[in-house]
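A.B. asks: Sharing data-v6.pdb here; it has PDB, N, CA and C atoms, pLDDT in the B column.
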```
ATOM      1  N   MET A  22       0.843  -1.187   0.000  1.00 51.00           N
ATOM      2  CA  MET A  22       0.000   0.000   0.000  1.00 51.00           C
ATOM      3  C   MET A  22       0.882   1.242   0.000  1.00 51.00           C
ATOM      4  N   PRO A  23       0.590   2.225  -0.838  1.00 57.00           N
ATOM      5  CA  PRO A  23       1.444   3.411  -0.907  1.00 57.00           C
ATOM      6  C   PRO A  23       1.270   4.357   0.276  1.00 57.00           C
ATOM      7  N   TYR A  24       0.260   4.137   1.115  1.00 56.00           N
ATOM      8  CA  TYR A  24       0.004   5.062   2.202  1.00 56.00           C
ATOM      9  C   TYR A  24       0.654   4.641   3.515  1.00 56.00           C
ATOM     10  N   ILE A  25       1.362   3.529   3.518  1.00 57.00           N
ATOM     11  CA  ILE A  25       2.014   3.043   4.734  1.00 57.00           C
ATOM     12  C   ILE A  25       3.422   3.635   4.789  1.00 57.00           C
ATOM     13  N   ASN A  26       3.864   4.023   5.980  1.00 58.00           N
ATOM     14  CA  ASN A  26       5.214   4.558   6.151  1.00 58.00           C
ATOM     15  C   ASN A  26       6.266   3.543   5.760  1.00 58.00           C
ATOM     16  N   ASN A  27       7.447   4.029   5.450  1.00 60.00           N
ATOM     17  CA  ASN A  27       8.555   3.147   5.102  1.00 60.00           C
ATOM     18  C   ASN A  27       9.254   2.593   6.345  1.00 60.00           C
ATOM     19  N   ASP A  28       8.791   3.005   7.532  1.00 62.00           N
ATOM     20  CA  ASP A  28       9.417   2.559   8.770  1.00 62.00           C
ATOM     21  C   ASP A  28       9.053   1.123   9.110  1.00 62.00           C
ATOM     22  N   GLY A  29       8.133   0.527   8.419  1.00 61.00           N
ATOM     23  CA  GLY A  29       7.693  -0.809   8.732  1.00 61.00           C
ATOM     24  C   GLY A  29       6.470  -0.796   9.641  1.00 61.00           C
ATOM     25  N   ASP A  30       6.097   0.390  10.130  1.00 62.00           N
ATOM     26  CA  ASP A  30       4.904   0.505  10.964  1.00 62.00           C
ATOM     27  C   ASP A  30       3.670   0.453  10.076  1.00 62.00           C
ATOM     28  N   THR A  31       2.548   0.340  10.698  1.00 62.00           N
ATOM     29  CA  THR A  31       1.293   0.361   9.946  1.00 62.00           C
ATOM     30  C   THR A  31       0.624   1.722  10.051  1.00 62.00           C
ATOM     31  N   ARG A  32       1.398   2.734  10.450  1.00 63.00           N
ATOM     32  CA  ARG A  32       0.834   4.084  10.522  1.00 63.00           C
ATOM     33  C   ARG A  32       0.589   4.608   9.112  1.00 63.00           C
ATOM     34  N   VAL A  33      -0.465   5.368   8.990  1.00 64.00           N
ATOM     35  CA  VAL A  33      -0.811   5.909   7.680  1.00 64.00           C
ATOM     36  C   VAL A  33      -0.020   7.185   7.439  1.00 64.00           C
ATOM     37  N   ASN A  34       0.529   7.320   6.250  1.00 62.00           N
ATOM     38  CA  ASN A  34       1.263   8.524   5.870  1.00 62.00           C
ATOM     39  C   ASN A  34       0.271   9.482   5.223  1.00 62.00           C
ATOM     40  N   ASN A  35      -0.090  10.542   5.950  1.00 65.00           N
ATOM     41  CA  ASN A  35      -1.090  11.487   5.454  1.00 65.00           C
ATOM     42  C   ASN A  35      -0.498  12.644   4.666  1.00 65.00           C
ATOM     43  N   PHE A  36       0.800  12.667   4.505  1.00 68.00           N
ATOM     44  CA  PHE A  36       1.417  13.769   3.790  1.00 68.00           C
ATOM     45  C   PHE A  36       1.420  13.467   2.283  1.00 68.00           C
ATOM     46  N   PRO A  37       0.900  14.387   1.465  1.00 69.00           N
ATOM     47  CA  PRO A  37       0.856  14.129   0.019  1.00 69.00           C
ATOM     48  C   PRO A  37       2.245  14.272  -0.602  1.00 69.00           C
ATOM     49  N   THR A  38       2.429  13.633  -1.721  1.00 73.00           N
ATOM     50  CA  THR A  38       3.666  13.834  -2.463  1.00 73.00           C
ATOM     51  C   THR A  38       3.548  15.138  -3.239  1.00 73.00           C
ATOM     52  N   GLU A  39       4.612  15.900  -3.235  1.00 78.00           N
ATOM     53  CA  GLU A  39       4.577  17.201  -3.898  1.00 78.00           C
ATOM     54  C   GLU A  39       4.861  17.037  -5.385  1.00 78.00           C
ATOM     55  N   PRO A  40       4.131  17.778  -6.228  1.00 82.00           N
ATOM     56  CA  PRO A  40       4.377  17.681  -7.672  1.00 82.00           C
ATOM     57  C   PRO A  40       5.700  18.344  -8.041  1.00 82.00           C
ATOM     58  N   LYS A  41       6.252  17.947  -9.161  1.00 88.00           N
ATOM     59  CA  LYS A  41       7.490  18.558  -9.628  1.00 88.00           C
ATOM     60  C   LYS A  41       7.201  19.983 -10.086  1.00 88.00           C
ATOM     61  N   MET A  42       8.087  20.896  -9.756  1.00 89.00           N
ATOM     62  CA  MET A  42       7.925  22.296 -10.115  1.00 89.00           C
ATOM     63  C   MET A  42       8.635  22.559 -11.442  1.00 89.00           C
ATOM     64  N   TYR A  43       8.116  23.486 -12.188  1.00 88.00           N
ATOM     65  CA  TYR A  43       8.759  23.869 -13.440  1.00 88.00           C
ATOM     66  C   TYR A  43       8.562  25.364 -13.646  1.00 88.00           C
ATOM     67  N   VAL A  44       9.411  25.944 -14.443  1.00 88.00           N
ATOM     68  CA  VAL A  44       9.349  27.372 -14.750  1.00 88.00           C
ATOM     69  C   VAL A  44       8.546  27.539 -16.028  1.00 88.00           C
ATOM     70  N   ALA A  45       7.560  28.405 -15.985  1.00 81.00           N
ATOM     71  CA  ALA A  45       6.739  28.643 -17.170  1.00 81.00           C
ATOM     72  C   ALA A  45       7.559  29.394 -18.219  1.00 81.00           C
ATOM     73  N   GLU A  46       7.361  29.022 -19.451  1.00 83.00           N
ATOM     74  CA  GLU A  46       8.064  29.686 -20.543  1.00 83.00           C
ATOM     75  C   GLU A  46       7.225  30.860 -21.047  1.00 83.00           C
ATOM     76  N   SER A  47       7.902  31.872 -21.536  1.00 81.00           N
ATOM     77  CA  SER A  47       7.176  33.033 -22.048  1.00 81.00           C
ATOM     78  C   SER A  47       6.522  32.693 -23.385  1.00 81.00           C
ATOM     79  N   ASN A  48       5.459  33.435 -23.715  1.00 79.00           N
ATOM     80  CA  ASN A  48       4.738  33.200 -24.965  1.00 79.00           C
ATOM     81  C   ASN A  48       5.593  33.604 -26.156  1.00 79.00           C
ATOM     82  N   SER A  49       5.439  32.874 -27.235  1.00 85.00           N
ATOM     83  CA  SER A  49       6.151  33.235 -28.450  1.00 85.00           C
ATOM     84  C   SER A  49       5.421  34.395 -29.130  1.00 85.00           C
ATOM     85  N   THR A  50       6.059  35.017 -30.096  1.00 85.00           N
ATOM     86  CA  THR A  50       5.440  36.150 -30.784  1.00 85.00           C
ATOM     87  C   THR A  50       4.233  35.698 -31.601  1.00 85.00           C
ATOM     88  N   ASN A  51       4.272  34.470 -32.136  1.00 87.00           N
ATOM     89  CA  ASN A  51       3.127  33.968 -32.906  1.00 87.00           C
ATOM     90  C   ASN A  51       1.918  33.783 -32.008  1.00 87.00           C
ATOM     91  N   LEU A  52       2.130  33.255 -30.809  1.00 88.00           N
ATOM     92  CA  LEU A  52       1.030  33.036 -29.878  1.00 88.00           C
ATOM     93  C   LEU A  52       0.459  34.368 -29.394  1.00 88.00           C
ATOM     94  N   THR A  53       1.314  35.335 -29.144  1.00 90.00           N
ATOM     95  CA  THR A  53       0.860  36.658 -28.721  1.00 90.00           C
ATOM     96  C   THR A  53       0.045  37.308 -29.837  1.00 90.00           C
ATOM     97  N   ARG A  54       0.487  37.165 -31.076  1.00 93.00           N
ATOM     98  CA  ARG A  54      -0.240  37.726 -32.212  1.00 93.00           C
ATOM     99  C   ARG A  54      -1.597  37.046 -32.377  1.00 93.00           C
ATOM    100  N   ASP A  55      -1.662  35.751 -32.146  1.00 93.00           N
ATOM    101  CA  ASP A  55      -2.932  35.029 -32.225  1.00 93.00           C
ATOM    102  C   ASP A  55      -3.906  35.515 -31.152  1.00 93.00           C
ATOM    103  N   TYR A  56      -3.409  35.694 -29.908  1.00 93.00           N
ATOM    104  CA  TYR A  56      -4.262  36.203 -28.835  1.00 93.00           C
ATOM    105  C   TYR A  56      -4.790  37.600 -29.171  1.00 93.00           C
ATOM    106  N   LEU A  57      -3.954  38.435 -29.747  1.00 95.00           N
ATOM    107  CA  LEU A  57      -4.368  39.792 -30.116  1.00 95.00           C
ATOM    108  C   LEU A  57      -5.439  39.743 -31.206  1.00 95.00           C
ATOM    109  N   ALA A  58      -5.283  38.876 -32.184  1.00 96.00           N
ATOM    110  CA  ALA A  58      -6.272  38.755 -33.257  1.00 96.00           C
ATOM    111  C   ALA A  58      -7.605  38.234 -32.717  1.00 96.00           C
ATOM    112  N   ILE A  59      -7.569  37.282 -31.817  1.00 97.00           N
ATOM    113  CA  ILE A  59      -8.803  36.756 -31.227  1.00 97.00           C
ATOM    114  C   ILE A  59      -9.493  37.837 -30.399  1.00 97.00           C
ATOM    115  N   GLY A  60      -8.722  38.618 -29.658  1.00 97.00           N
ATOM    116  CA  GLY A  60      -9.293  39.704 -28.858  1.00 97.00           C
ATOM    117  C   GLY A  60      -9.949  40.764 -29.716  1.00 97.00           C
ATOM    118  N   ILE A  61      -9.284  41.164 -30.787  1.00 98.00           N
ATOM    119  CA  ILE A  61      -9.852  42.185 -31.675  1.00 98.00           C
ATOM    120  C   ILE A  61     -11.111  41.661 -32.352  1.00 98.00           C
ATOM    121  N   THR A  62     -11.093  40.398 -32.785  1.00 98.00           N
ATOM    122  CA  THR A  62     -12.275  39.800 -33.407  1.00 98.00           C
ATOM    123  C   THR A  62     -13.445  39.764 -32.426  1.00 98.00           C
ATOM    124  N   GLY A  63     -13.166  39.426 -31.185  1.00 98.00           N
ATOM    125  CA  GLY A  63     -14.219  39.402 -30.172  1.00 98.00           C
ATOM    126  C   GLY A  63     -14.811  40.770 -29.926  1.00 98.00           C
ATOM    127  N   VAL A  64     -13.969  41.793 -29.848  1.00 98.00           N
ATOM    128  CA  VAL A  64     -14.459  43.161 -29.624  1.00 98.00           C
ATOM    129  C   VAL A  64     -15.312  43.613 -30.804  1.00 98.00           C
ATOM    130  N   VAL A  65     -14.902  43.302 -32.023  1.00 98.00           N
ATOM    131  CA  VAL A  65     -15.675  43.678 -33.210  1.00 98.00           C
ATOM    132  C   VAL A  65     -17.027  42.961 -33.222  1.00 98.00           C
ATOM    133  N   LEU A  66     -17.045  41.679 -32.883  1.00 98.00           N
ATOM    134  CA  LEU A  66     -18.300  40.930 -32.875  1.00 98.00           C
ATOM    135  C   LEU A  66     -19.259  41.449 -31.804  1.00 98.00           C
ATOM    136  N   VAL A  67     -18.754  41.705 -30.613  1.00 98.00           N
ATOM    137  CA  VAL A  67     -19.615  42.216 -29.541  1.00 98.00           C
ATOM    138  C   VAL A  67     -20.108  43.613 -29.880  1.00 98.00           C
ATOM    139  N   GLY A  68     -19.235  44.456 -30.447  1.00 98.00           N
ATOM    140  CA  GLY A  68     -19.657  45.791 -30.861  1.00 98.00           C
ATOM    141  C   GLY A  68     -20.718  45.739 -31.934  1.00 98.00           C
ATOM    142  N   GLY A  69     -20.556  44.852 -32.903  1.00 97.00           N
ATOM    143  CA  GLY A  69     -21.578  44.698 -33.940  1.00 97.00           C
ATOM    144  C   GLY A  69     -22.892  44.208 -33.390  1.00 97.00           C
ATOM    145  N   LEU A  70     -22.833  43.295 -32.447  1.00 97.00           N
ATOM    146  CA  LEU A  70     -24.043  42.794 -31.806  1.00 97.00           C
ATOM    147  C   LEU A  70     -24.770  43.896 -31.051  1.00 97.00           C
ATOM    148  N   MET A  71     -24.016  44.741 -30.390  1.00 97.00           N
ATOM    149  CA  MET A  71     -24.631  45.869 -29.665  1.00 97.00           C
ATOM    150  C   MET A  71     -25.256  46.853 -30.637  1.00 97.00           C
ATOM    151  N   LEU A  72     -24.609  47.120 -31.758  1.00 97.00           N
ATOM    152  CA  LEU A  72     -25.185  48.031 -32.757  1.00 97.00           C
ATOM    153  C   LEU A  72     -26.485  47.457 -33.331  1.00 97.00           C
ATOM    154  N   VAL A  73     -26.507  46.180 -33.614  1.00 97.00           N
ATOM    155  CA  VAL A  73     -27.714  45.537 -34.130  1.00 97.00           C
ATOM    156  C   VAL A  73     -28.820  45.599 -33.098  1.00 97.00           C
ATOM    157  N   ALA A  74     -28.487  45.343 -31.832  1.00 96.00           N
ATOM    158  CA  ALA A  74     -29.501  45.376 -30.766  1.00 96.00           C
ATOM    159  C   ALA A  74     -30.053  46.769 -30.582  1.00 96.00           C
ATOM    160  N   MET A  75     -29.206  47.810 -30.680  1.00 96.00           N
ATOM    161  CA  MET A  75     -29.701  49.193 -30.530  1.00 96.00           C
ATOM    162  C   MET A  75     -30.529  49.610 -31.726  1.00 96.00           C
ATOM    163  N   SER A  76     -30.170  49.175 -32.918  1.00 96.00           N
ATOM    164  CA  SER A  76     -30.942  49.550 -34.098  1.00 96.00           C
ATOM    165  C   SER A  76     -32.305  48.867 -34.147  1.00 96.00           C
ATOM    166  N   VAL A  77     -32.422  47.674 -33.589  1.00 95.00           N
ATOM    167  CA  VAL A  77     -33.690  46.941 -33.599  1.00 95.00           C
ATOM    168  C   VAL A  77     -34.633  47.508 -32.549  1.00 95.00           C
ATOM    169  N   SER A  78     -34.105  47.918 -31.420  1.00 87.00           N
ATOM    170  CA  SER A  78     -34.978  48.387 -30.334  1.00 87.00           C
ATOM    171  C   SER A  78     -35.422  49.824 -30.499  1.00 87.00           C
TER     172      SER A  78
END
```
Output the structure of this file as structure tokens.

C.D. replies:
Amino acid sequence: MPYINNDGDTRVNNFPTEPKMYVAESNSTNLTRDYLAIGITGVVLVGGLMLVAMSVS
């Protein structure tokens, strides 16, 4: 059983194993450009939707 101490006792080990840590890498220029294009497209779509809603009402 993985929860038993290595001491040979039958005590339960309640301490979790810690995950390996890693350093996040910075975004590439292509990924940043893609995020910018998606953001601009979203703003244009929401703005158009608001214009349509105001013109209908």

A.B. asks: Expressed in Å to a single decimal, how great is the separation between atom N of Val44 of chain A and atom CA of Gly60 of chain A?

C.D. replies: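 Spanning atom N of Val44 of chain A to atom CA of Gly60 of chain A is a straight-line distance of 27.3 Å.
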
A.B. asks: Just the number, please: distance in Å from atom N of Asn48 of chain A to atom CA of Val64 of chain A, one decimal.

C.D. replies: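 These two atoms are separated by 22.9 Å.
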
A.B. asks: For atom N of Asn51 of chain A and atom CA of Leu66 of chain A, determine how far apart the two atoms are, in Å to one decimal place.

C.D. replies: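 These atoms are spaced 23.5 Å apart.
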